[in-house]
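**Q** One file: query.csv (CSV, C-alpha atoms).
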chain,number,residue,atom,x,y,z
A,1,MET,CA,144.1,117.0,167.9
A,2,ASN,CA,141.2,114.9,166.8
A,3,ALA,CA,138.8,117.7,167.6
A,4,VAL,CA,140.9,120.1,165.4
A,5,LEU,CA,140.9,117.6,162.5
A,6,ALA,CA,137.2,117.1,162.9
A,7,MET,CA,136.6,120.9,162.8
A,8,ASN,CA,138.8,121.3,159.8
A,9,GLY,CA,137.0,118.4,158.0
A,10,GLY,CA,133.6,119.8,158.9
A,11,SER,CA,134.6,123.2,157.6
A,12,GLU,CA,135.9,121.8,154.4
A,13,ILE,CA,132.6,119.8,153.9
A,14,THR,CA,130.6,123.0,154.7
A,15,ALA,CA,132.7,125.0,152.2
A,16,TRP,CA,132.2,122.3,149.6
A,17,LEU,CA,128.5,122.2,150.1
A,18,ARG,CA,128.3,126.0,149.8
A,19,SER,CA,130.2,125.9,146.5
A,20,SER,CA,130.3,122.7,144.4
A,21,GLY,CA,127.7,120.9,146.5
A,22,LEU,CA,125.1,123.6,146.1
A,23,GLU,CA,125.8,123.8,142.4
A,24,ILE,CA,125.3,120.0,142.0
A,25,VAL,CA,122.0,120.2,144.0
A,26,LEU,CA,120.8,123.1,141.8
A,27,LEU,CA,121.8,121.3,138.6
A,28,VAL,CA,120.0,118.1,139.6
A,29,VAL,CA,116.9,120.0,140.8
A,30,GLY,CA,117.0,122.2,137.7
A,31,ALA,CA,117.1,119.1,135.5
A,32,MET,CA,114.2,117.5,137.3
A,33,LEU,CA,112.2,120.7,137.0
A,34,PHE,CA,113.0,121.0,133.3
A,35,GLY,CA,111.9,117.4,132.8
A,36,ARG,CA,108.6,118.2,134.4
A,37,PHE,CA,108.2,121.4,132.4
A,38,ALA,CA,109.0,119.6,129.1
A,39,ALA,CA,106.5,116.9,130.0
A,40,PHE,CA,103.9,119.6,130.8
A,41,VAL,CA,104.5,121.3,127.5
A,42,ARG,CA,104.3,118.0,125.6
A,43,ASP,CA,101.0,117.1,127.3
A,44,ARG,CA,99.6,120.6,126.6
A,45,VAL,CA,100.5,120.2,122.9
A,46,THR,CA,99.1,116.7,122.6
A,47,THR,CA,95.9,117.7,124.5
A,48,LYS,CA,95.4,120.6,122.1
A,49,ILE,CA,95.8,118.2,119.2
A,50,ASP,CA,93.3,115.9,120.7
A,51,ALA,CA,90.9,118.7,121.5
A,52,SER,CA,90.9,119.9,117.9
A,53,PHE,CA,90.4,116.3,116.8
A,54,HIS,CA,87.3,115.9,119.0
A,55,SER,CA,85.8,119.1,117.9
A,56,SER,CA,86.2,118.4,114.2
A,57,ASP,CA,83.7,116.8,111.8
A,58,ALA,CA,86.1,114.3,110.3
A,59,LEU,CA,85.6,111.7,113.1
A,60,VAL,CA,89.3,110.7,112.7
A,61,ARG,CA,92.6,112.3,113.1
A,62,THR,CA,94.1,114.0,110.1
A,63,GLU,CA,97.5,112.8,109.0
A,64,ALA,CA,99.1,116.1,110.0
A,65,ALA,CA,97.6,115.7,113.5
A,66,LYS,CA,99.0,112.2,113.9
A,67,HIS,CA,102.4,113.4,112.7
A,68,ARG,CA,102.5,116.4,115.1
A,69,HIS,CA,101.5,114.1,118.0
A,70,ALA,CA,104.3,111.7,117.3
A,71,LEU,CA,106.8,114.6,116.8
A,72,ALA,CA,105.9,116.2,120.1
A,73,GLN,CA,106.7,113.0,121.9
A,74,VAL,CA,109.9,112.4,120.1
A,75,ILE,CA,111.2,115.9,120.4
A,76,THR,CA,110.6,115.8,124.1
A,77,TRP,CA,112.5,112.6,124.5
A,78,VAL,CA,115.5,113.9,122.5
A,79,VAL,CA,115.6,117.2,124.4
A,80,LEU,CA,115.4,115.5,127.8
A,81,THR,CA,118.1,113.0,126.8
A,82,ILE,CA,120.5,115.8,125.8
A,83,VAL,CA,119.8,117.9,129.0
A,84,TYR,CA,120.3,114.9,131.3
A,85,VAL,CA,123.6,114.0,129.6
A,86,LEU,CA,124.9,117.6,129.9
A,87,VAL,CA,123.8,117.9,133.5
A,88,GLY,CA,125.5,114.5,134.2
A,89,MET,CA,128.8,115.8,132.7
A,90,GLU,CA,128.6,119.0,134.8
A,91,VAL,CA,127.9,117.1,138.0
A,92,LEU,CA,130.9,114.8,137.3
A,93,ARG,CA,133.1,117.9,136.7
A,94,ARG,CA,132.1,119.5,140.0
A,95,LEU,CA,132.8,116.2,141.8
A,96,GLY,CA,136.4,116.5,140.7
A,97,PHE,CA,136.4,114.2,137.6
A,98,SER,CA,138.1,115.6,134.6
A,99,VAL,CA,135.7,115.3,131.7
A,100,THR,CA,138.6,115.6,129.2
A,101,GLY,CA,140.4,112.9,131.0
A,102,LEU,CA,137.5,110.6,130.6
A,103,VAL,CA,137.6,110.9,126.8
A,104,ALA,CA,140.1,108.1,126.2
A,105,PRO,CA,138.4,105.6,128.6
A,106,ALA,CA,135.0,106.6,127.3
A,107,ALA,CA,136.2,105.9,123.7
A,108,VAL,CA,137.4,102.4,124.8
A,109,LEU,CA,134.2,101.8,126.7
A,110,GLY,CA,132.1,103.2,123.8
A,111,ALA,CA,133.8,100.8,121.4
A,112,ALA,CA,133.1,97.9,123.7
A,113,LEU,CA,129.5,98.8,124.3
A,114,GLY,CA,129.1,99.6,120.6
A,115,PHE,CA,128.8,96.0,119.7
A,116,GLY,CA,126.1,95.5,122.4
A,117,ALA,CA,124.3,98.8,121.5
A,118,GLN,CA,124.0,98.1,117.8
A,119,ARG,CA,120.3,97.1,118.3
A,120,ILE,CA,119.6,100.3,120.1
A,121,VAL,CA,121.2,102.4,117.4
A,122,GLN,CA,119.2,100.4,114.8
A,123,ASP,CA,116.0,101.0,116.7
A,124,ILE,CA,116.6,104.8,116.9
A,125,LEU,CA,117.5,105.1,113.2
A,126,ALA,CA,114.5,103.0,112.2
A,127,GLY,CA,112.3,105.2,114.4
A,128,PHE,CA,113.7,108.3,112.9
A,129,PHE,CA,112.7,107.2,109.4
A,130,LEU,CA,109.3,105.9,110.5
A,131,ILE,CA,108.4,109.4,111.9
A,132,THR,CA,110.0,111.5,109.1
A,133,GLU,CA,108.4,109.4,106.4
A,134,ARG,CA,105.0,109.5,108.2
A,135,GLN,CA,104.5,105.7,107.8
A,136,TYR,CA,102.1,105.9,110.7
A,137,GLY,CA,101.2,108.1,113.7
A,138,PHE,CA,99.4,108.3,116.9
A,139,GLY,CA,95.9,106.8,116.6
A,140,ASP,CA,96.5,104.8,113.4
A,141,VAL,CA,95.3,101.2,113.1
A,142,VAL,CA,98.3,99.2,111.8
A,143,GLN,CA,99.5,95.6,111.2
A,144,ILE,CA,103.3,95.3,111.9
A,145,ALA,CA,105.4,92.3,110.8
A,146,VAL,CA,108.1,91.8,113.4
A,147,THR,CA,111.4,89.9,112.9
A,148,GLY,CA,111.2,86.5,114.4
A,149,SER,CA,107.4,86.5,114.8
A,150,ALA,CA,105.1,84.5,112.5
A,151,ASP,CA,102.0,86.5,113.3
A,152,PRO,CA,101.9,90.3,112.7
A,153,ALA,CA,101.2,92.6,115.6
A,154,GLU,CA,97.9,94.5,115.0
A,155,GLY,CA,96.3,97.3,117.0
A,156,THR,CA,96.0,101.1,117.5
A,157,VAL,CA,99.2,103.1,117.8
A,158,GLU,CA,99.3,104.6,121.3
A,159,ASP,CA,102.9,105.8,121.4
A,160,VAL,CA,105.7,106.4,119.0
A,161,THR,CA,109.3,107.2,120.0
A,162,LEU,CA,112.6,106.9,118.3
A,163,ARG,CA,113.2,103.5,119.9
A,164,ILE,CA,109.8,101.8,120.3
A,165,THR,CA,106.3,101.7,119.0
A,166,THR,CA,103.4,100.9,121.4
A,167,LEU,CA,100.2,99.3,120.1
A,168,ARG,CA,97.0,98.3,121.9
A,169,ASN,CA,95.1,95.5,120.3
A,170,ALA,CA,91.4,94.7,120.2
A,171,ASP,CA,91.7,92.7,123.5
A,172,GLY,CA,93.2,95.7,125.3
A,173,GLU,CA,96.7,94.2,125.4
A,174,VAL,CA,99.6,96.6,125.1
A,175,ILE,CA,102.2,95.5,122.5
A,176,THR,CA,105.7,97.1,122.6
A,177,ILE,CA,107.8,96.7,119.4
A,178,PRO,CA,111.4,97.9,119.0
A,179,ASN,CA,111.5,99.9,115.8
A,180,GLY,CA,114.6,98.1,114.5
A,181,GLN,CA,112.7,94.8,114.4
A,182,ILE,CA,109.9,96.1,112.2
A,183,VAL,CA,109.9,94.4,108.8
A,184,LYS,CA,106.7,95.5,107.2
A,185,VAL,CA,103.9,98.0,108.2
A,186,THR,CA,100.4,97.8,106.9
A,187,ASN,CA,98.5,101.0,107.7
A,188,LEU,CA,94.8,100.4,107.9
A,189,SER,CA,93.8,104.0,108.5
A,190,LYS,CA,95.9,106.0,106.0
A,191,ASP,CA,93.8,108.8,104.3
A,192,TRP,CA,90.8,106.4,103.7
A,193,ALA,CA,89.9,102.7,104.1
A,194,ARG,CA,87.7,100.1,102.4
A,195,ALA,CA,85.2,97.7,103.9
A,196,ALA,CA,84.8,94.6,101.7
A,197,ILE,CA,81.8,92.3,102.3
A,198,ASP,CA,81.5,88.9,100.7
A,199,VAL,CA,78.0,87.6,100.4
A,200,PRO,CA,77.9,83.8,99.9
A,201,VAL,CA,74.7,82.6,98.2
A,202,SER,CA,73.6,79.4,96.5
A,203,ALA,CA,74.8,79.0,92.9
A,204,GLN,CA,71.2,78.3,91.9
A,205,ALA,CA,70.0,81.7,93.3
A,206,ASP,CA,68.7,84.5,91.0
A,207,ILE,CA,71.7,86.7,90.6
A,208,ASN,CA,69.7,89.6,89.2
A,209,LYS,CA,67.4,89.6,92.2
A,210,ILE,CA,70.3,89.4,94.6
A,211,ASN,CA,72.0,92.3,92.9
A,212,GLU,CA,68.8,94.4,93.2
A,213,VAL,CA,68.6,93.6,96.9
A,214,LEU,CA,72.3,94.5,97.5
A,215,HIS,CA,72.0,97.7,95.5
A,216,GLU,CA,69.0,98.7,97.6
A,217,VAL,CA,71.1,98.0,100.8
A,218,CYS,CA,73.9,100.2,99.5
A,219,THR,CA,71.5,103.1,98.8
A,220,LYS,CA,69.7,102.9,102.1
A,221,ALA,CA,73.1,102.6,104.0
A,222,TYR,CA,74.3,105.8,102.3
A,223,GLN,CA,71.1,107.6,103.2
A,224,ASP,CA,71.2,106.5,106.9
A,225,ALA,CA,71.9,109.5,109.1
A,226,ARG,CA,74.1,107.4,111.5
A,227,LEU,CA,76.1,105.5,108.8
A,228,LYS,CA,76.6,108.2,106.2
A,229,PRO,CA,79.1,110.3,108.1
A,230,LEU,CA,81.4,107.2,108.1
A,231,LEU,CA,81.2,106.7,104.3
A,232,LEU,CA,83.1,108.7,101.7
A,233,ASP,CA,80.7,107.6,98.9
A,234,GLU,CA,77.8,105.2,98.3
A,235,PRO,CA,78.8,101.5,98.7
A,236,SER,CA,78.8,99.5,95.5
A,237,VAL,CA,78.3,96.0,94.4
A,238,MET,CA,81.3,94.6,92.5
A,239,GLY,CA,79.6,91.4,91.3
A,240,VAL,CA,80.5,87.8,91.6
A,241,GLU,CA,83.9,87.4,93.2
A,242,ASP,CA,84.0,83.6,93.4
A,243,LEU,CA,82.0,80.8,91.8
A,244,SER,CA,81.8,77.1,92.5
A,245,LEU,CA,79.3,74.3,91.8
A,246,ASP,CA,77.5,74.9,95.1
A,247,GLU,CA,77.8,78.6,95.9
A,248,MET,CA,79.0,82.0,94.6
A,249,ASN,CA,80.3,85.0,96.5
A,250,ILE,CA,79.1,88.5,95.6
A,251,ARG,CA,81.3,91.3,96.9
A,252,MET,CA,80.2,94.7,98.1
A,253,VAL,CA,82.8,97.4,98.9
A,254,ALA,CA,82.5,100.7,100.7
A,255,ARG,CA,85.0,103.5,101.0
A,256,THR,CA,85.1,104.7,104.6
A,257,LEU,CA,87.0,107.1,106.9
A,258,PRO,CA,90.3,105.8,108.2
A,259,GLY,CA,89.8,103.1,110.8
A,260,LYS,CA,86.0,102.9,110.4
A,261,GLN,CA,86.0,100.1,107.9
A,262,PHE,CA,85.4,97.5,110.6
A,263,GLU,CA,82.4,99.3,112.0
A,264,VAL,CA,80.9,99.9,108.5
A,265,GLY,CA,81.6,96.3,107.5
A,266,ARG,CA,79.7,94.9,110.5
A,267,GLU,CA,76.7,97.2,109.9
A,268,LEU,CA,76.5,96.4,106.2
A,269,ARG,CA,76.6,92.6,106.9
A,270,VAL,CA,73.7,93.0,109.3
A,271,ARG,CA,71.7,94.9,106.7
A,272,VAL,CA,72.5,92.4,103.9
A,273,ALA,CA,71.5,89.4,106.0
A,274,ALA,CA,68.2,91.1,107.0
A,275,ALA,CA,67.5,92.1,103.4
A,276,LEU,CA,68.2,88.7,102.0
A,277,ARG,CA,66.1,87.0,104.7
A,278,LYS,CA,63.2,89.4,103.9
A,279,GLU,CA,63.3,88.4,100.2
A,280,GLY,CA,63.5,84.7,101.1
A,281,ILE,CA,67.0,84.3,99.9
A,282,SER,CA,69.3,82.4,102.2
A,283,GLU,CA,73.0,82.8,102.5
A,284,THR,CA,75.1,79.6,102.4
A,285,ALA,CA,77.1,78.6,105.5
Spit out the file's structure as C-alpha coordinates when you get a sec.

**A**
Amino acid sequence: MNAVLAMNGGSEITAWLRSSGLEIVLLVVGAMLFGRFAAFVRDRVTTKIDASFHSSDALVRTEAAKHRHALAQVITWVVLTIVYVLVGMEVLRRLGFSVTGLVAPAAVLGAALGFGAQRIVQDILAGFFLITERQYGFGDVVQIAVTGSADPAEGTVEDVTLRITTLRNADGEVITIPNGQIVKVTNLSKDWARAAIDVPVSAQADINKINEVLHEVCTKAYQDARLKPLLLDEPSVMGVEDLSLDEMNIRMVARTLPGKQFEVGRELRVRVAAALRKEGISETA
(Lines of atoms letter the chains of each structure in order from A and count residues from 1; the text may use other names and numbers.)
(Lines give C-alpha, C1' and ligand atoms only; values in the text may rest on other atoms or scores of the structure.)
Protein backbone atom coordinates (compact mmCIF):
# COMPACT_ATOMS: atom_id res chain seq x y z
CA MET A 1 0.00 0.00 0.00
CA ASN A 2 2.78 2.38 0.96
CA ALA A 3 4.59 1.53 -2.22
CA VAL A 4 1.50 2.37 -4.25
CA LEU A 5 1.12 5.71 -2.46
CA ALA A 6 4.77 6.48 -2.98
CA MET A 7 4.45 5.70 -6.68
CA ASN A 8 1.33 7.88 -6.96
CA GLY A 9 3.05 10.70 -5.09
CA GLY A 10 6.12 10.40 -7.26
CA SER A 11 4.06 10.45 -10.42
CA GLU A 12 2.19 13.55 -9.24
CA ILE A 13 5.46 15.36 -8.48
CA THR A 14 6.85 14.33 -11.84
CA ALA A 15 3.70 15.56 -13.59
CA TRP A 16 3.88 18.83 -11.67
CA LEU A 17 7.53 19.29 -12.56
CA ARG A 18 6.72 18.67 -16.22
CA SER A 19 3.94 21.26 -16.16
CA SER A 20 3.93 24.08 -13.58
CA GLY A 21 7.35 23.24 -12.16
CA LEU A 22 9.01 23.53 -15.54
CA GLU A 23 7.19 26.80 -16.21
CA ILE A 24 8.36 28.21 -12.89
CA VAL A 25 11.96 27.26 -13.62
CA LEU A 26 11.70 28.79 -17.09
CA LEU A 27 10.20 31.99 -15.67
CA VAL A 28 12.93 32.37 -13.04
CA VAL A 29 15.70 31.57 -15.50
CA GLY A 30 14.14 33.91 -18.06
CA ALA A 31 13.98 36.72 -15.50
CA MET A 32 17.63 36.18 -14.60
CA LEU A 33 18.68 36.15 -18.25
CA PHE A 34 16.61 39.27 -18.93
CA GLY A 35 18.29 41.01 -15.97
CA ARG A 36 21.73 40.17 -17.36
CA PHE A 37 20.68 41.33 -20.83
CA ALA A 38 19.31 44.61 -19.47
CA ALA A 39 22.54 45.19 -17.51
CA PHE A 40 24.55 44.38 -20.66
CA VAL A 41 22.56 46.89 -22.72
CA ARG A 42 22.89 49.52 -19.99
CA ASP A 43 26.66 48.99 -19.80
CA ARG A 44 26.94 49.21 -23.60
CA VAL A 45 25.01 52.48 -23.64
CA THR A 46 27.03 54.04 -20.81
CA THR A 47 30.28 52.79 -22.33
CA LYS A 48 29.35 54.41 -25.64
CA ILE A 49 28.59 57.67 -23.82
CA ASP A 50 31.94 57.47 -22.03
CA ALA A 51 33.75 56.70 -25.28
CA SER A 52 32.28 59.73 -27.00
CA PHE A 53 33.29 61.80 -23.96
CA HIS A 54 36.91 60.62 -24.07
CA SER A 55 37.19 61.27 -27.78
CA SER A 56 35.81 64.79 -27.59
CA ASP A 57 37.74 68.05 -27.26
CA ALA A 58 35.52 69.44 -24.51
CA LEU A 59 37.45 67.66 -21.72
CA VAL A 60 34.22 67.39 -19.77
CA ARG A 61 30.93 65.63 -20.28
CA THR A 62 28.18 67.60 -21.94
CA GLU A 63 24.96 68.12 -20.00
CA ALA A 64 23.13 65.88 -22.49
CA ALA A 65 25.66 63.07 -21.94
CA LYS A 66 25.26 63.31 -18.17
CA HIS A 67 21.48 63.18 -18.52
CA ARG A 68 21.58 60.18 -20.87
CA HIS A 69 23.93 58.36 -18.50
CA ALA A 70 21.56 58.86 -15.57
CA LEU A 71 18.49 57.94 -17.64
CA ALA A 72 20.10 54.68 -18.80
CA GLN A 73 20.63 53.61 -15.20
CA VAL A 74 17.16 54.66 -14.02
CA ILE A 75 15.28 53.09 -16.94
CA THR A 76 17.13 49.81 -16.39
CA TRP A 77 16.22 49.84 -12.70
CA VAL A 78 12.54 50.55 -13.40
CA VAL A 79 12.25 47.90 -16.15
CA LEU A 80 13.91 45.22 -14.02
CA THR A 81 11.65 46.04 -11.07
CA ILE A 82 8.52 45.65 -13.22
CA VAL A 83 9.76 42.39 -14.77
CA TYR A 84 10.65 40.86 -11.40
CA VAL A 85 7.26 41.79 -9.93
CA LEU A 86 5.38 40.27 -12.88
CA VAL A 87 7.48 37.11 -12.79
CA GLY A 88 6.90 36.83 -9.03
CA MET A 89 3.13 37.04 -9.55
CA GLU A 90 3.25 34.37 -12.27
CA VAL A 91 5.30 32.07 -10.04
CA LEU A 92 2.81 32.48 -7.19
CA ARG A 93 -0.08 31.70 -9.53
CA ARG A 94 1.59 28.51 -10.73
CA LEU A 95 2.27 27.48 -7.14
CA GLY A 96 -1.47 27.50 -6.55
CA PHE A 97 -1.93 30.91 -4.97
CA SER A 98 -4.85 32.94 -6.30
CA VAL A 99 -3.52 36.32 -7.28
CA THR A 100 -7.00 37.86 -7.19
CA GLY A 101 -7.54 36.35 -3.77
CA LEU A 102 -4.45 38.14 -2.53
CA VAL A 103 -5.82 41.55 -3.46
CA ALA A 104 -7.64 42.15 -0.18
CA PRO A 105 -4.79 40.95 2.10
CA ALA A 106 -2.34 42.85 -0.08
CA ALA A 107 -4.38 46.03 0.33
CA VAL A 108 -4.35 45.67 4.11
CA LEU A 109 -0.64 44.83 4.11
CA GLY A 110 0.03 47.70 1.74
CA ALA A 111 -1.78 50.14 4.01
CA ALA A 112 0.23 48.88 6.98
CA LEU A 113 3.51 49.07 5.12
CA GLY A 114 2.59 52.41 3.59
CA PHE A 115 3.41 54.24 6.79
CA GLY A 116 6.83 52.63 6.91
CA ALA A 117 7.40 53.04 3.17
CA GLN A 118 6.72 56.77 3.08
CA ARG A 119 10.43 57.54 3.05
CA ILE A 120 11.02 55.16 0.13
CA VAL A 121 8.20 56.77 -1.86
CA GLN A 122 9.60 60.18 -0.98
CA ASP A 123 13.06 59.11 -2.19
CA ILE A 124 11.68 57.81 -5.50
CA LEU A 125 9.60 60.93 -6.18
CA ALA A 126 12.54 63.19 -5.34
CA GLY A 127 14.81 61.13 -7.59
CA PHE A 128 12.30 61.40 -10.44
CA PHE A 129 12.36 65.20 -10.30
CA LEU A 130 16.14 65.33 -9.83
CA ILE A 131 16.60 63.45 -13.10
CA THR A 132 13.84 65.03 -15.17
CA GLU A 133 14.87 68.54 -14.12
CA ARG A 134 18.56 67.75 -14.86
CA GLN A 135 19.73 69.18 -11.55
CA TYR A 136 22.88 67.06 -11.85
CA GLY A 137 24.09 63.97 -13.65
CA PHE A 138 26.82 61.37 -13.80
CA GLY A 139 30.25 63.02 -13.49
CA ASP A 140 29.06 66.32 -12.00
CA VAL A 141 30.86 67.82 -9.02
CA VAL A 142 28.20 68.78 -6.46
CA GLN A 143 27.64 69.92 -2.90
CA ILE A 144 24.50 68.41 -1.36
CA ALA A 145 22.89 69.62 1.86
CA VAL A 146 21.31 66.64 3.61
CA THR A 147 18.56 66.68 6.20
CA GLY A 148 19.97 66.24 9.69
CA SER A 149 23.58 66.89 8.65
CA ALA A 150 25.38 70.13 9.41
CA ASP A 151 28.08 69.64 6.77
CA PRO A 152 27.14 69.22 3.10
CA ALA A 153 28.23 66.15 1.18
CA GLU A 154 30.64 67.07 -1.61
CA GLY A 155 32.06 64.93 -4.38
CA THR A 156 31.70 63.61 -7.90
CA VAL A 157 28.42 61.92 -8.84
CA GLU A 158 29.11 58.25 -9.59
CA ASP A 159 25.56 56.90 -9.70
CA VAL A 160 22.03 58.30 -9.80
CA THR A 161 18.91 56.18 -9.37
CA LEU A 162 15.35 57.03 -8.45
CA ARG A 163 16.11 56.25 -4.81
CA ILE A 164 19.73 57.22 -4.08
CA THR A 165 22.60 59.38 -5.26
CA THR A 166 26.16 58.09 -4.88
CA LEU A 167 29.11 60.48 -4.57
CA ARG A 168 32.85 59.93 -4.27
CA ASN A 169 34.68 62.68 -2.41
CA ALA A 170 38.28 63.88 -2.76
CA ASP A 171 39.47 61.29 -0.21
CA GLY A 172 38.02 58.44 -2.29
CA GLU A 173 35.16 57.80 0.14
CA VAL A 174 31.80 56.76 -1.30
CA ILE A 175 28.81 58.72 0.02
CA THR A 176 25.28 57.33 -0.47
CA ILE A 177 22.44 59.82 -0.07
CA PRO A 178 18.70 58.98 -0.22
CA ASN A 179 17.17 61.43 -2.67
CA GLY A 180 14.32 62.27 -0.29
CA GLN A 181 16.78 63.71 2.24
CA ILE A 182 18.35 66.18 -0.20
CA VAL A 183 17.56 69.75 0.81
CA LYS A 184 19.83 71.78 -1.46
CA VAL A 185 22.09 70.97 -4.41
CA THR A 186 25.00 73.15 -5.49
CA ASN A 187 26.25 72.02 -8.89
CA LEU A 188 29.89 73.04 -9.30
CA SER A 189 30.16 71.78 -12.89
CA LYS A 190 27.04 73.02 -14.67
CA ASP A 191 27.84 74.44 -18.13
CA TRP A 192 30.86 76.41 -16.84
CA ALA A 193 32.66 77.20 -13.59
CA ARG A 194 34.69 80.05 -12.13
CA ALA A 195 37.99 79.95 -10.29
CA ALA A 196 38.39 82.85 -7.85
CA ILE A 197 41.87 83.64 -6.49
CA ASP A 198 42.35 86.16 -3.67
CA VAL A 199 45.84 87.62 -3.49
CA PRO A 200 46.60 89.12 -0.05
CA VAL A 201 49.28 91.83 -0.12
CA SER A 202 50.45 94.55 2.21
CA ALA A 203 48.29 97.67 2.34
CA GLN A 204 51.42 99.76 1.72
CA ALA A 205 52.26 97.91 -1.54
CA ASP A 206 52.10 99.64 -4.93
CA ILE A 207 48.64 98.68 -6.20
CA ASN A 208 49.40 99.73 -9.77
CA LYS A 209 52.51 97.57 -9.91
CA ILE A 210 50.63 94.59 -8.46
CA ASN A 211 47.84 94.99 -11.03
CA GLU A 212 50.42 95.01 -13.83
CA VAL A 213 51.98 91.81 -12.53
CA LEU A 214 48.60 90.09 -12.17
CA HIS A 215 47.47 91.16 -15.65
CA GLU A 216 50.68 89.71 -17.06
CA VAL A 217 50.01 86.44 -15.22
CA CYS A 218 46.51 86.32 -16.73
CA THR A 219 47.81 86.91 -20.25
CA LYS A 220 50.53 84.29 -20.00
CA ALA A 221 48.14 81.76 -18.46
CA TYR A 222 45.73 82.13 -21.37
CA GLN A 223 48.58 81.70 -23.83
CA ASP A 224 49.88 78.56 -22.10
CA ALA A 225 49.30 75.49 -24.28
CA ARG A 226 48.50 73.28 -21.28
CA LEU A 227 46.23 75.70 -19.40
CA LYS A 228 44.36 77.38 -22.26
CA PRO A 229 42.17 74.33 -23.12
CA LEU A 230 40.72 74.56 -19.61
CA LEU A 231 39.87 78.27 -19.88
CA LEU A 232 36.83 79.72 -21.61
CA ASP A 233 38.39 83.19 -21.83
CA GLU A 234 41.36 85.11 -20.49
CA PRO A 235 41.44 85.43 -16.67
CA SER A 236 40.83 88.94 -15.37
CA VAL A 237 41.77 91.04 -12.36
CA MET A 238 38.67 92.29 -10.56
CA GLY A 239 40.56 94.69 -8.28
CA VAL A 240 40.66 95.19 -4.52
CA GLU A 241 38.12 92.89 -2.90
CA ASP A 242 38.89 93.63 0.75
CA LEU A 243 40.86 96.33 2.52
CA SER A 244 42.12 96.71 6.08
CA LEU A 245 44.83 98.69 7.87
CA ASP A 246 47.45 96.00 7.33
CA GLU A 247 46.52 94.24 4.10
CA MET A 248 44.34 94.21 1.03
CA ASN A 249 42.99 91.35 -1.07
CA ILE A 250 43.07 91.58 -4.84
CA ARG A 251 40.79 89.13 -6.63
CA MET A 252 41.44 87.35 -9.91
CA VAL A 253 38.74 85.29 -11.63
CA ALA A 254 38.86 82.80 -14.49
CA ARG A 255 35.98 81.13 -16.30
CA THR A 256 36.78 77.46 -16.81
CA LEU A 257 35.28 74.27 -18.12
CA PRO A 258 32.93 72.53 -15.66
CA GLY A 259 34.79 70.88 -12.81
CA LYS A 260 38.17 72.34 -13.82
CA GLN A 261 38.03 75.40 -11.56
CA PHE A 262 40.07 73.71 -8.82
CA GLU A 263 42.90 72.72 -11.16
CA VAL A 264 42.97 76.16 -12.77
CA GLY A 265 42.85 77.89 -9.38
CA ARG A 266 45.85 75.93 -8.09
CA GLU A 267 47.86 76.65 -11.23
CA LEU A 268 47.08 80.39 -11.14
CA ARG A 269 48.06 80.64 -7.46
CA VAL A 270 51.45 79.10 -8.25
CA ARG A 271 51.96 81.56 -11.11
CA VAL A 272 50.89 84.55 -9.01
CA ALA A 273 53.20 83.63 -6.13
CA ALA A 274 56.16 83.18 -8.49
CA ALA A 275 55.46 86.46 -10.32
CA LEU A 276 55.12 88.50 -7.11
CA ARG A 277 58.26 86.96 -5.64
CA LYS A 278 60.15 87.78 -8.84
CA GLU A 279 59.12 91.46 -8.52
CA GLY A 280 60.06 91.55 -4.84
CA ILE A 281 56.48 91.84 -3.70
CA SER A 282 55.59 89.57 -0.78
CA GLU A 283 52.13 88.20 -0.06
CA THR A 284 50.89 88.58 3.49
CA ALA A 285 50.24 85.50 5.63

**Q** For atom CA of A:Asn187 and atom CA of A:Arg68, quote the distance in Å rounded to one decimal.

**A**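 Pair atom CA of A:Asn187 / atom CA of A:Arg68 returns 17.5 Å.
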
**Q** In Å, rounded to a single decimal, give me how far atom CA of A:Thr147 is from atom CA of A:Val183.

**A** 6.3 Å

**Q** If you take all atoms listed in the file and a cut-off of 12 Å, which residues of stretch 97-203 of chain A touch stretch 225-237 of chain A, and what are their nearest atom pairs and distances in Å to one decimal, in chain and number order, as a tab-separated table?

**A**
residue	atom	partner	partner_atom	distance
A:Asp191	CA	A:Leu232	CA	11.0
A:Trp192	CA	A:Leu232	CA	8.3
A:Ala193	CA	A:Leu232	CA	9.4
A:Arg194	CA	A:Leu231	CA	9.5
A:Ala195	CA	A:Pro235	CA	9.1
A:Ala196	CA	A:Pro235	CA	9.6
A:Ile197	CA	A:Val237	CA	9.4
A:Asp198	CA	A:Val237	CA	10.0
A:Val199	CA	A:Val237	CA	10.3

**Q** Rounded to one decimal, what separation in Å do you get between atom CA of A:Leu243 and atom CA of A:Asp206?

**A** 13.8 Å

**Q** If we count all atoms listed in the file and set the cut-off at 10 Å, which residues sit around A:Glu279, ignoring sequence neighbours fewer than 5 positions away in its own chain? Please answer as a PDB file with C-alpha atoms, keeping the file's coordinate frame.

**A**
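This is the output file out-v8.pdb:
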ATOM      1  CA  LYS A 209      67.400  89.600  92.200  1.00  0.00           C
ATOM      2  CA  ILE A 210      70.300  89.400  94.600  1.00  0.00           C
ATOM      3  CA  VAL A 213      68.600  93.600  96.900  1.00  0.00           C
ATOM      4  CA  ALA A 274      68.200  91.100 107.000  1.00  0.00           C
TER       5      ALA A 274
END

**Q** Pick the closest to A:Met248 from A:Gly21, A:Pro200, A:Gly88, A:Gly127: which is it, counting only C-alpha atoms?

**A** A:Pro200

**Q** Which polymer residues, whether protein, DNA or RNA, lie within 12 Å of the coordinate (114.7, 111.7, 124.4) when you count all atoms listed in the file? List them as a ChimeraX atom specification, using the chain letters and numbers from the file.

**A** /A:35,38-39,71-85,124,160-164

**Q** Go through A:Gly265, A:Gly96, A:Pro152, A:Gly139 one by one, measure the shortest atom-to-atom distance of each to A:Val253 using only C-alpha atoms, and give the residue with the smallest value.

**A**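 With only C-alpha atoms as the atom set, the closest residue is A:Gly265.
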